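Here is input.txt, consisting of compact mmCIF, N, CA and C atoms:
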```txt
# COMPACT_ATOMS: atom_id res chain seq x y z
N MET J 261 52.56 17.04 5.82
CA MET J 261 51.74 15.95 6.31
C MET J 261 52.47 14.61 6.25
N LEU J 262 53.33 14.45 5.25
CA LEU J 262 54.06 13.19 5.13
C LEU J 262 54.95 12.98 6.35
N LEU J 263 55.63 14.03 6.78
CA LEU J 263 56.49 13.90 7.97
C LEU J 263 55.67 13.51 9.19
N GLU J 264 54.52 14.15 9.36
CA GLU J 264 53.65 13.84 10.50
C GLU J 264 53.22 12.37 10.46
N ALA J 265 52.86 11.89 9.29
CA ALA J 265 52.45 10.49 9.15
C ALA J 265 53.60 9.54 9.43
N LEU J 266 54.79 9.86 8.95
CA LEU J 266 55.94 8.99 9.19
C LEU J 266 56.34 8.99 10.66
N LEU J 267 56.26 10.13 11.30
CA LEU J 267 56.56 10.19 12.74
C LEU J 267 55.55 9.38 13.53
N ALA J 268 54.28 9.48 13.17
CA ALA J 268 53.24 8.70 13.86
C ALA J 268 53.48 7.21 13.64
N TYR J 269 53.80 6.83 12.41
CA TYR J 269 54.07 5.42 12.10
C TYR J 269 55.25 4.90 12.93
N ALA J 270 56.34 5.64 12.96
CA ALA J 270 57.52 5.21 13.72
C ALA J 270 57.19 5.05 15.19
N HIS J 271 56.40 5.97 15.73
CA HIS J 271 56.04 5.91 17.15
C HIS J 271 55.15 4.70 17.44
N ILE J 272 54.18 4.46 16.58
CA ILE J 272 53.30 3.31 16.77
C ILE J 272 54.07 2.01 16.63
N ALA J 273 54.97 1.92 15.66
CA ALA J 273 55.79 0.71 15.49
C ALA J 273 56.66 0.47 16.72
N ALA J 274 57.22 1.53 17.29
CA ALA J 274 58.04 1.39 18.50
C ALA J 274 57.18 0.92 19.67
N ILE J 275 55.99 1.46 19.79
CA ILE J 275 55.08 1.05 20.87
C ILE J 275 54.73 -0.43 20.72
N LEU J 276 54.42 -0.85 19.50
CA LEU J 276 54.09 -2.26 19.29
C LEU J 276 55.27 -3.16 19.63
N GLY J 277 56.47 -2.74 19.29
CA GLY J 277 57.65 -3.51 19.68
C GLY J 277 57.77 -3.63 21.19
N LEU J 278 57.56 -2.54 21.89
CA LEU J 278 57.61 -2.56 23.35
C LEU J 278 56.57 -3.51 23.91
N VAL J 279 55.37 -3.47 23.38
CA VAL J 279 54.30 -4.35 23.85
C VAL J 279 54.66 -5.82 23.60
N VAL J 280 55.21 -6.11 22.44
CA VAL J 280 55.59 -7.49 22.11
C VAL J 280 56.64 -8.01 23.09
N PHE J 281 57.68 -7.23 23.33
CA PHE J 281 58.76 -7.70 24.21
C PHE J 281 58.32 -7.77 25.67
N MET J 282 57.49 -6.83 26.09
CA MET J 282 57.00 -6.86 27.46
C MET J 282 56.06 -8.05 27.66
N THR J 283 55.22 -8.30 26.68
CA THR J 283 54.31 -9.44 26.74
C THR J 283 55.08 -10.76 26.75
N SER J 284 56.14 -10.82 25.97
CA SER J 284 56.96 -12.03 25.94
C SER J 284 57.59 -12.30 27.30
N GLN J 285 58.04 -11.24 27.97
CA GLN J 285 58.58 -11.41 29.32
C GLN J 285 57.51 -11.95 30.26
N ALA J 286 56.32 -11.36 30.19
CA ALA J 286 55.23 -11.80 31.07
C ALA J 286 54.87 -13.25 30.80
N ALA J 287 54.89 -13.65 29.54
CA ALA J 287 54.52 -15.02 29.19
C ALA J 287 55.57 -16.02 29.66
N LEU J 288 56.84 -15.67 29.54
CA LEU J 288 57.91 -16.61 29.88
C LEU J 288 58.24 -16.67 31.36
N CYS J 289 58.03 -15.59 32.06
CA CYS J 289 58.45 -15.53 33.46
C CYS J 289 57.38 -16.17 34.34
N ARG J 290 57.38 -17.50 34.32
CA ARG J 290 56.43 -18.30 35.10
C ARG J 290 57.19 -19.43 35.77
N VAL J 291 56.78 -19.74 36.96
CA VAL J 291 57.43 -20.81 37.72
C VAL J 291 57.38 -22.12 36.94
N GLU J 292 56.22 -22.44 36.39
CA GLU J 292 56.05 -23.74 35.74
C GLU J 292 56.83 -23.86 34.43
N TRP J 293 57.28 -22.76 33.85
CA TRP J 293 58.01 -22.81 32.59
C TRP J 293 59.50 -22.55 32.77
N MET J 294 59.94 -22.30 33.99
CA MET J 294 61.31 -21.87 34.22
C MET J 294 62.30 -22.99 33.97
N ASN J 295 63.27 -22.71 33.12
CA ASN J 295 64.42 -23.58 32.89
C ASN J 295 65.59 -22.70 32.48
N ALA J 296 66.74 -23.29 32.23
CA ALA J 296 67.93 -22.50 31.91
C ALA J 296 67.75 -21.68 30.64
N ALA J 297 67.12 -22.26 29.63
CA ALA J 297 66.91 -21.53 28.38
C ALA J 297 66.02 -20.32 28.60
N VAL J 298 64.99 -20.46 29.43
CA VAL J 298 64.09 -19.34 29.71
C VAL J 298 64.83 -18.24 30.45
N VAL J 299 65.69 -18.60 31.39
CA VAL J 299 66.46 -17.59 32.12
C VAL J 299 67.28 -16.76 31.14
N HIS J 300 67.96 -17.40 30.20
CA HIS J 300 68.76 -16.67 29.21
C HIS J 300 67.88 -15.85 28.28
N ARG J 301 66.75 -16.41 27.88
CA ARG J 301 65.83 -15.70 26.98
C ARG J 301 65.25 -14.46 27.68
N LEU J 302 64.95 -14.56 28.97
CA LEU J 302 64.44 -13.40 29.70
C LEU J 302 65.46 -12.26 29.71
N GLY J 303 66.73 -12.62 29.86
CA GLY J 303 67.76 -11.58 29.81
C GLY J 303 67.80 -10.88 28.47
N ARG J 304 67.70 -11.64 27.39
CA ARG J 304 67.68 -11.04 26.05
C ARG J 304 66.42 -10.21 25.84
N LEU J 305 65.29 -10.72 26.29
CA LEU J 305 64.04 -9.97 26.16
C LEU J 305 64.09 -8.66 26.94
N ASP J 306 64.73 -8.69 28.08
CA ASP J 306 64.84 -7.48 28.89
C ASP J 306 65.64 -6.42 28.13
N ARG J 307 66.71 -6.82 27.49
CA ARG J 307 67.51 -5.87 26.71
C ARG J 307 66.71 -5.35 25.50
N LEU J 308 65.96 -6.23 24.86
CA LEU J 308 65.13 -5.80 23.73
C LEU J 308 64.02 -4.86 24.20
N THR J 309 63.46 -5.13 25.37
CA THR J 309 62.43 -4.26 25.93
C THR J 309 63.01 -2.88 26.20
N ASP J 310 64.21 -2.83 26.74
CA ASP J 310 64.87 -1.55 27.00
C ASP J 310 65.09 -0.78 25.69
N ALA J 311 65.55 -1.48 24.66
CA ALA J 311 65.78 -0.83 23.37
C ALA J 311 64.46 -0.32 22.78
N ALA J 312 63.41 -1.12 22.90
CA ALA J 312 62.11 -0.69 22.40
C ALA J 312 61.60 0.52 23.17
N ALA J 313 61.80 0.53 24.49
CA ALA J 313 61.36 1.67 25.30
C ALA J 313 62.11 2.94 24.89
N LEU J 314 63.41 2.82 24.64
CA LEU J 314 64.17 3.98 24.19
C LEU J 314 63.67 4.47 22.83
N SER J 315 63.29 3.55 21.95
CA SER J 315 62.78 3.98 20.65
C SER J 315 61.41 4.63 20.78
N VAL J 316 60.60 4.15 21.74
CA VAL J 316 59.32 4.81 22.00
C VAL J 316 59.57 6.24 22.47
N LEU J 317 60.49 6.42 23.39
CA LEU J 317 60.81 7.75 23.89
C LEU J 317 61.35 8.64 22.76
N ALA J 318 62.28 8.12 21.98
CA ALA J 318 62.88 8.90 20.90
C ALA J 318 61.85 9.31 19.85
N THR J 319 61.00 8.37 19.45
CA THR J 319 60.00 8.71 18.43
C THR J 319 58.93 9.64 18.99
N GLY J 320 58.61 9.47 20.27
CA GLY J 320 57.65 10.39 20.89
C GLY J 320 58.19 11.80 20.97
N LEU J 321 59.45 11.93 21.35
CA LEU J 321 60.06 13.26 21.39
C LEU J 321 60.18 13.84 19.98
N ALA J 322 60.47 13.00 19.00
CA ALA J 322 60.53 13.47 17.61
C ALA J 322 59.18 13.99 17.15
N ARG J 323 58.12 13.29 17.54
CA ARG J 323 56.77 13.75 17.18
C ARG J 323 56.48 15.11 17.83
N ALA J 324 56.89 15.26 19.09
CA ALA J 324 56.66 16.53 19.76
C ALA J 324 57.49 17.64 19.12
N TRP J 325 58.70 17.33 18.73
CA TRP J 325 59.62 18.34 18.20
C TRP J 325 59.27 18.72 16.76
N TRP J 326 59.13 17.71 15.90
CA TRP J 326 58.93 17.96 14.47
C TRP J 326 57.48 17.80 14.02
N GLY J 327 56.61 17.47 14.94
CA GLY J 327 55.22 17.24 14.59
C GLY J 327 54.51 18.53 14.20
N ALA J 328 53.28 18.38 13.76
CA ALA J 328 52.51 19.50 13.22
C ALA J 328 52.29 20.62 14.24
N LYS J 329 52.12 20.27 15.50
CA LYS J 329 51.81 21.30 16.50
C LYS J 329 53.07 21.91 17.12
N GLY J 330 54.19 21.22 17.02
CA GLY J 330 55.44 21.80 17.50
C GLY J 330 55.72 21.57 18.98
N TRP J 331 56.98 21.75 19.33
CA TRP J 331 57.46 21.50 20.68
C TRP J 331 56.81 22.42 21.71
N ASP J 332 56.70 23.72 21.37
CA ASP J 332 56.15 24.68 22.35
C ASP J 332 54.74 24.30 22.77
N TRP J 333 53.91 23.91 21.80
CA TRP J 333 52.55 23.48 22.12
C TRP J 333 52.59 22.20 22.95
N ALA J 334 53.34 21.22 22.47
CA ALA J 334 53.37 19.91 23.13
C ALA J 334 53.87 20.02 24.57
N TRP J 335 54.94 20.76 24.77
CA TRP J 335 55.54 20.84 26.10
C TRP J 335 54.63 21.57 27.09
N ALA J 336 53.72 22.38 26.61
CA ALA J 336 52.79 23.12 27.48
C ALA J 336 51.61 22.26 27.93
N GLN J 337 51.49 21.04 27.42
CA GLN J 337 50.33 20.21 27.70
C GLN J 337 50.53 19.30 28.92
N PRO J 338 49.62 19.37 29.88
CA PRO J 338 49.71 18.51 31.06
C PRO J 338 49.68 17.02 30.72
N LEU J 339 48.93 16.64 29.67
CA LEU J 339 48.87 15.22 29.30
C LEU J 339 50.22 14.69 28.83
N LEU J 340 51.01 15.54 28.18
CA LEU J 340 52.35 15.11 27.78
C LEU J 340 53.19 14.83 29.03
N HIS J 341 53.08 15.68 30.01
CA HIS J 341 53.82 15.48 31.26
C HIS J 341 53.33 14.23 31.99
N LEU J 342 52.02 13.98 31.93
CA LEU J 342 51.49 12.75 32.51
C LEU J 342 52.08 11.54 31.79
N LYS J 343 52.10 11.59 30.46
CA LYS J 343 52.66 10.48 29.69
C LYS J 343 54.13 10.24 30.06
N LEU J 344 54.90 11.29 30.15
CA LEU J 344 56.32 11.14 30.49
C LEU J 344 56.49 10.60 31.91
N THR J 345 55.66 11.04 32.83
CA THR J 345 55.73 10.56 34.21
C THR J 345 55.40 9.07 34.29
N VAL J 346 54.34 8.66 33.60
CA VAL J 346 53.97 7.24 33.59
C VAL J 346 55.07 6.42 32.91
N PHE J 347 55.63 6.95 31.83
CA PHE J 347 56.71 6.26 31.12
C PHE J 347 57.92 6.05 32.03
N VAL J 348 58.31 7.09 32.76
CA VAL J 348 59.43 6.97 33.69
C VAL J 348 59.10 5.98 34.81
N ALA J 349 57.88 6.02 35.32
CA ALA J 349 57.47 5.07 36.37
C ALA J 349 57.55 3.63 35.87
N ILE J 350 57.12 3.41 34.63
CA ILE J 350 57.22 2.07 34.05
C ILE J 350 58.69 1.66 33.94
N GLY J 351 59.53 2.60 33.53
CA GLY J 351 60.96 2.32 33.46
C GLY J 351 61.55 1.96 34.81
N LEU J 352 61.14 2.64 35.84
CA LEU J 352 61.63 2.33 37.19
C LEU J 352 61.12 0.96 37.66
N MET J 353 59.90 0.63 37.26
CA MET J 353 59.36 -0.69 37.62
C MET J 353 60.08 -1.82 36.89
N ALA J 354 60.79 -1.50 35.83
CA ALA J 354 61.53 -2.51 35.08
C ALA J 354 62.85 -2.89 35.76
N ILE J 355 63.28 -2.11 36.72
CA ILE J 355 64.57 -2.37 37.37
C ILE J 355 64.57 -3.67 38.17
N PRO J 356 63.57 -3.93 39.04
CA PRO J 356 63.62 -5.18 39.81
C PRO J 356 63.66 -6.46 38.96
N PRO J 357 62.82 -6.61 37.92
CA PRO J 357 62.95 -7.83 37.13
C PRO J 357 64.27 -7.90 36.37
N ALA J 358 64.77 -6.78 35.89
CA ALA J 358 66.05 -6.79 35.17
C ALA J 358 67.18 -7.25 36.09
N ARG J 359 67.18 -6.76 37.31
CA ARG J 359 68.20 -7.20 38.27
C ARG J 359 68.05 -8.68 38.59
N ALA J 360 66.79 -9.13 38.69
CA ALA J 360 66.54 -10.56 38.96
C ALA J 360 67.07 -11.41 37.81
N TYR J 361 66.79 -11.01 36.58
CA TYR J 361 67.27 -11.79 35.43
C TYR J 361 68.80 -11.89 35.44
N ARG J 362 69.48 -10.80 35.71
CA ARG J 362 70.96 -10.83 35.78
C ARG J 362 71.43 -11.75 36.90
N ARG J 363 70.76 -11.67 38.03
CA ARG J 363 71.12 -12.51 39.18
C ARG J 363 70.90 -13.99 38.84
N TRP J 364 69.80 -14.30 38.17
CA TRP J 364 69.50 -15.68 37.81
C TRP J 364 70.52 -16.23 36.82
N ARG J 365 70.92 -15.40 35.87
CA ARG J 365 71.92 -15.85 34.89
C ARG J 365 73.26 -16.12 35.57
N ALA J 366 73.61 -15.25 36.50
CA ALA J 366 74.87 -15.44 37.24
C ALA J 366 74.81 -16.71 38.08
N ALA J 367 73.67 -16.96 38.71
CA ALA J 367 73.51 -18.16 39.53
C ALA J 367 73.60 -19.41 38.66
N LEU J 368 73.01 -19.38 37.50
CA LEU J 368 73.10 -20.52 36.59
C LEU J 368 74.54 -20.76 36.16
N ALA J 369 75.24 -19.68 35.85
CA ALA J 369 76.64 -19.80 35.42
C ALA J 369 77.51 -20.35 36.54
N ALA J 370 77.14 -20.06 37.79
CA ALA J 370 77.90 -20.55 38.94
C ALA J 370 77.45 -21.93 39.38
N GLY J 371 76.49 -22.50 38.64
CA GLY J 371 76.03 -23.85 38.96
C GLY J 371 75.08 -23.93 40.14
N GLN J 372 74.43 -22.82 40.46
CA GLN J 372 73.53 -22.79 41.62
C GLN J 372 72.08 -23.15 41.28
N GLY J 373 71.79 -23.40 40.03
CA GLY J 373 70.46 -23.84 39.65
C GLY J 373 69.50 -22.72 39.32
N LEU J 374 68.25 -23.10 39.18
CA LEU J 374 67.19 -22.17 38.78
C LEU J 374 66.78 -21.26 39.94
N PRO J 375 66.15 -20.14 39.62
CA PRO J 375 65.75 -19.20 40.68
C PRO J 375 64.63 -19.78 41.53
N PRO J 376 64.54 -19.30 42.77
CA PRO J 376 63.44 -19.73 43.65
C PRO J 376 62.09 -19.27 43.10
N GLU J 377 61.06 -20.04 43.41
CA GLU J 377 59.71 -19.74 42.92
C GLU J 377 59.24 -18.34 43.33
N GLY J 378 59.53 -17.95 44.54
CA GLY J 378 59.10 -16.63 45.01
C GLY J 378 59.71 -15.49 44.19
N GLU J 379 60.97 -15.64 43.81
CA GLU J 379 61.62 -14.61 42.99
C GLU J 379 61.01 -14.55 41.60
N VAL J 380 60.69 -15.70 41.04
CA VAL J 380 60.08 -15.73 39.71
C VAL J 380 58.72 -15.05 39.76
N ARG J 381 57.94 -15.37 40.77
CA ARG J 381 56.61 -14.75 40.90
C ARG J 381 56.72 -13.24 41.09
N GLN J 382 57.69 -12.81 41.88
CA GLN J 382 57.87 -11.37 42.12
C GLN J 382 58.30 -10.65 40.85
N ALA J 383 59.20 -11.23 40.08
CA ALA J 383 59.63 -10.61 38.83
C ALA J 383 58.45 -10.50 37.86
N ARG J 384 57.67 -11.57 37.78
CA ARG J 384 56.51 -11.56 36.88
C ARG J 384 55.49 -10.51 37.34
N ARG J 385 55.32 -10.38 38.62
CA ARG J 385 54.38 -9.38 39.15
C ARG J 385 54.79 -7.98 38.69
N TRP J 386 56.10 -7.67 38.75
CA TRP J 386 56.58 -6.37 38.30
C TRP J 386 56.33 -6.17 36.80
N VAL J 387 56.58 -7.21 36.02
CA VAL J 387 56.34 -7.12 34.57
C VAL J 387 54.86 -6.89 34.29
N MET J 388 54.00 -7.57 35.00
CA MET J 388 52.56 -7.42 34.79
C MET J 388 52.08 -6.01 35.19
N ILE J 389 52.63 -5.47 36.26
CA ILE J 389 52.27 -4.11 36.67
C ILE J 389 52.69 -3.12 35.58
N GLN J 390 53.90 -3.31 35.05
CA GLN J 390 54.36 -2.44 33.95
C GLN J 390 53.43 -2.53 32.76
N ALA J 391 53.08 -3.75 32.39
CA ALA J 391 52.24 -3.96 31.21
C ALA J 391 50.87 -3.29 31.38
N HIS J 392 50.32 -3.36 32.57
CA HIS J 392 49.03 -2.72 32.80
C HIS J 392 49.15 -1.21 32.85
N ALA J 393 50.23 -0.70 33.42
CA ALA J 393 50.44 0.75 33.45
C ALA J 393 50.66 1.29 32.04
N LEU J 394 51.23 0.47 31.18
CA LEU J 394 51.48 0.88 29.79
C LEU J 394 50.18 1.26 29.08
N LEU J 395 49.07 0.69 29.49
CA LEU J 395 47.77 0.99 28.88
C LEU J 395 47.37 2.46 29.03
N LEU J 396 47.92 3.13 30.03
CA LEU J 396 47.58 4.54 30.23
C LEU J 396 48.18 5.44 29.16
N LEU J 397 49.29 5.02 28.57
CA LEU J 397 50.00 5.87 27.62
C LEU J 397 49.21 6.12 26.33
N PRO J 398 48.67 5.10 25.67
CA PRO J 398 47.90 5.42 24.46
C PRO J 398 46.60 6.19 24.76
N LEU J 399 46.03 5.97 25.93
CA LEU J 399 44.85 6.75 26.31
C LEU J 399 45.21 8.23 26.40
N ALA J 400 46.28 8.54 27.11
CA ALA J 400 46.71 9.93 27.23
C ALA J 400 47.09 10.49 25.86
N GLY J 401 47.73 9.67 25.02
CA GLY J 401 48.11 10.12 23.68
C GLY J 401 46.89 10.42 22.81
N ALA J 402 45.88 9.57 22.88
CA ALA J 402 44.66 9.80 22.09
C ALA J 402 43.94 11.06 22.55
N LEU J 403 43.88 11.26 23.86
CA LEU J 403 43.26 12.48 24.38
C LEU J 403 44.04 13.72 23.94
N LEU J 404 45.35 13.65 24.03
CA LEU J 404 46.21 14.76 23.65
C LEU J 404 46.05 15.07 22.16
N ALA J 405 46.04 14.05 21.31
CA ALA J 405 45.94 14.26 19.86
C ALA J 405 44.60 14.90 19.47
N ARG J 406 43.58 14.70 20.29
CA ARG J 406 42.26 15.24 19.98
C ARG J 406 41.95 16.53 20.74
N GLY J 407 42.94 17.04 21.44
CA GLY J 407 42.78 18.34 22.11
C GLY J 407 42.02 18.29 23.42
N VAL J 408 41.81 17.10 23.97
CA VAL J 408 41.11 17.00 25.24
C VAL J 408 42.06 17.42 26.36
N TRP J 409 41.57 18.30 27.22
CA TRP J 409 42.34 18.82 28.36
C TRP J 409 43.66 19.49 27.94
N THR J 410 43.62 20.14 26.80
CA THR J 410 44.82 20.84 26.34
C THR J 410 44.68 22.33 26.64
N ARG J 411 45.80 22.97 26.58
CA ARG J 411 45.84 24.44 26.84
C ARG J 411 45.92 25.18 25.53
```
Could you write out this file's structure as structure tokens?
Amino acid sequence: MLLEALLAYAHIAAILGLVVFMTSQAALCRVEWMNAAVVHRLGRLDRLTDAAALSVLATGLARAWWGAKGWDWAWAQPLLHLKLTVFVAIGLMAIPPARAYRRWRAALAAGQGLPPEGEVRQARRWVMIQAHALLLLPLAGALLARGVWTR
């Protein structure tokens, strides 16, 4: 039981980290707040968000592998596949803002100034979509943990 509790704790801590970094991106990526420091901070937050997402994936897989019910049970569950699909979709949605942040940093370094308002709004829109899609993951996890729609 101790291992199960520690795996659950690590997974929840990783999820909270992901939420914090994703929320920070959403808060900072605004036209009215955009300046050079924010552009650099968004790049750092994007890297931290990626690291947090990888830790969520790693701890989730660890829970499935070493958890009480085991890999064979977990892998047979449609909700686990739904969770992984949503997780991958969120990861794919992270590509446009990440590319924008890199482009903005390069433009600043080249002396071209701050990003256009439309690009900032588009990047924020992608971050907000990710953040809202993220809400599906704990719902699926809670259903899975309680045996709802399991095989």
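Atom to atom, atom CA of J:Leu314 and atom N of J:Leu302 stand 19.2 Å apart.
Using only N, CA and C atoms, the contacts of stretch 357-373 of chain J at a cut-off of 8 Å, with sequence neighbours closer than 5 positions omitted, comprise Asn295, Ala296, Val299, His300, Leu302, Gly303, Asp306, Arg307, Leu352, Glu379, Gln382, Ala383, Arg384, Trp386 and Val387 of chain J.
For the choices J:Gly351, J:Pro356, J:Gly327, J:Pro376, the atom-to-atom distance to J:Val291 is smallest for J:Pro376 when using only N, CA and C atoms.
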Spatial neighbours of J:His271, 6 Å, only N, CA and C atoms, chain gap at least 5 places, as a ChimeraX atom specification: /J:266,276,316,319-320
Residues near J:Lys329, cut-off 12 Å, only C-alpha atoms, skip fewer than 4 positions along chain, as number ranges by chain: J: 261, 264, 322-325, 333-337, 404-407
Among listed residues J:Val298, J:Leu342, J:Leu267, J:Ala312, nearest J:Leu403 (using only C-alpha atoms): J:Leu342
Is it possible to add N, CA, C and O atoms to stretch 322-339 of chain J and hand it back as a short mmCIF file (atom, residue, chain, number, x, y, z; two decimals), in the coordinates of the input?
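Output below, filename rebuild15.cif:
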```cif
data_model
loop_
_atom_site.label_atom_id
_atom_site.label_comp_id
_atom_site.auth_asym_id
_atom_site.auth_seq_id
_atom_site.Cartn_x
_atom_site.Cartn_y
_atom_site.Cartn_z
N ALA J 322 60.47 13.00 19.00
CA ALA J 322 60.53 13.47 17.61
C ALA J 322 59.18 13.99 17.15
O ALA J 322 59.09 15.01 16.46
N ARG J 323 58.12 13.29 17.54
CA ARG J 323 56.77 13.75 17.18
C ARG J 323 56.48 15.11 17.83
O ARG J 323 55.89 15.98 17.20
N ALA J 324 56.89 15.26 19.09
CA ALA J 324 56.66 16.53 19.76
C ALA J 324 57.49 17.64 19.12
O ALA J 324 57.03 18.78 18.97
N TRP J 325 58.70 17.33 18.73
CA TRP J 325 59.62 18.34 18.20
C TRP J 325 59.27 18.72 16.76
O TRP J 325 59.16 19.90 16.43
N TRP J 326 59.13 17.71 15.90
CA TRP J 326 58.93 17.96 14.47
C TRP J 326 57.48 17.80 14.02
O TRP J 326 57.18 17.95 12.84
N GLY J 327 56.61 17.47 14.94
CA GLY J 327 55.22 17.24 14.59
C GLY J 327 54.51 18.53 14.20
O GLY J 327 55.04 19.64 14.32
N ALA J 328 53.28 18.38 13.76
CA ALA J 328 52.51 19.50 13.22
C ALA J 328 52.29 20.62 14.24
O ALA J 328 52.30 21.80 13.87
N LYS J 329 52.12 20.27 15.50
CA LYS J 329 51.81 21.30 16.50
C LYS J 329 53.07 21.91 17.12
O LYS J 329 53.00 22.98 17.72
N GLY J 330 54.19 21.22 17.02
CA GLY J 330 55.44 21.80 17.50
C GLY J 330 55.72 21.57 18.98
O GLY J 330 54.83 21.23 19.76
N TRP J 331 56.98 21.75 19.33
CA TRP J 331 57.46 21.50 20.68
C TRP J 331 56.81 22.42 21.71
O TRP J 331 56.45 21.99 22.79
N ASP J 332 56.70 23.72 21.37
CA ASP J 332 56.15 24.68 22.35
C ASP J 332 54.74 24.30 22.77
O ASP J 332 54.41 24.35 23.96
N TRP J 333 53.91 23.91 21.80
CA TRP J 333 52.55 23.48 22.12
C TRP J 333 52.59 22.20 22.95
O TRP J 333 51.94 22.09 23.99
N ALA J 334 53.34 21.22 22.47
CA ALA J 334 53.37 19.91 23.13
C ALA J 334 53.87 20.02 24.57
O ALA J 334 53.29 19.44 25.49
N TRP J 335 54.94 20.76 24.77
CA TRP J 335 55.54 20.84 26.10
C TRP J 335 54.63 21.57 27.09
O TRP J 335 54.74 21.38 28.31
N ALA J 336 53.72 22.38 26.61
CA ALA J 336 52.79 23.12 27.48
C ALA J 336 51.61 22.26 27.93
O ALA J 336 50.81 22.71 28.75
N GLN J 337 51.49 21.04 27.42
CA GLN J 337 50.33 20.21 27.70
C GLN J 337 50.53 19.30 28.92
O GLN J 337 51.49 18.55 28.98
N PRO J 338 49.62 19.37 29.88
CA PRO J 338 49.71 18.51 31.06
C PRO J 338 49.68 17.02 30.72
O PRO J 338 50.33 16.22 31.38
N LEU J 339 48.93 16.64 29.67
CA LEU J 339 48.87 15.22 29.30
C LEU J 339 50.22 14.69 28.83
O LEU J 339 50.54 13.53 29.05
#
```
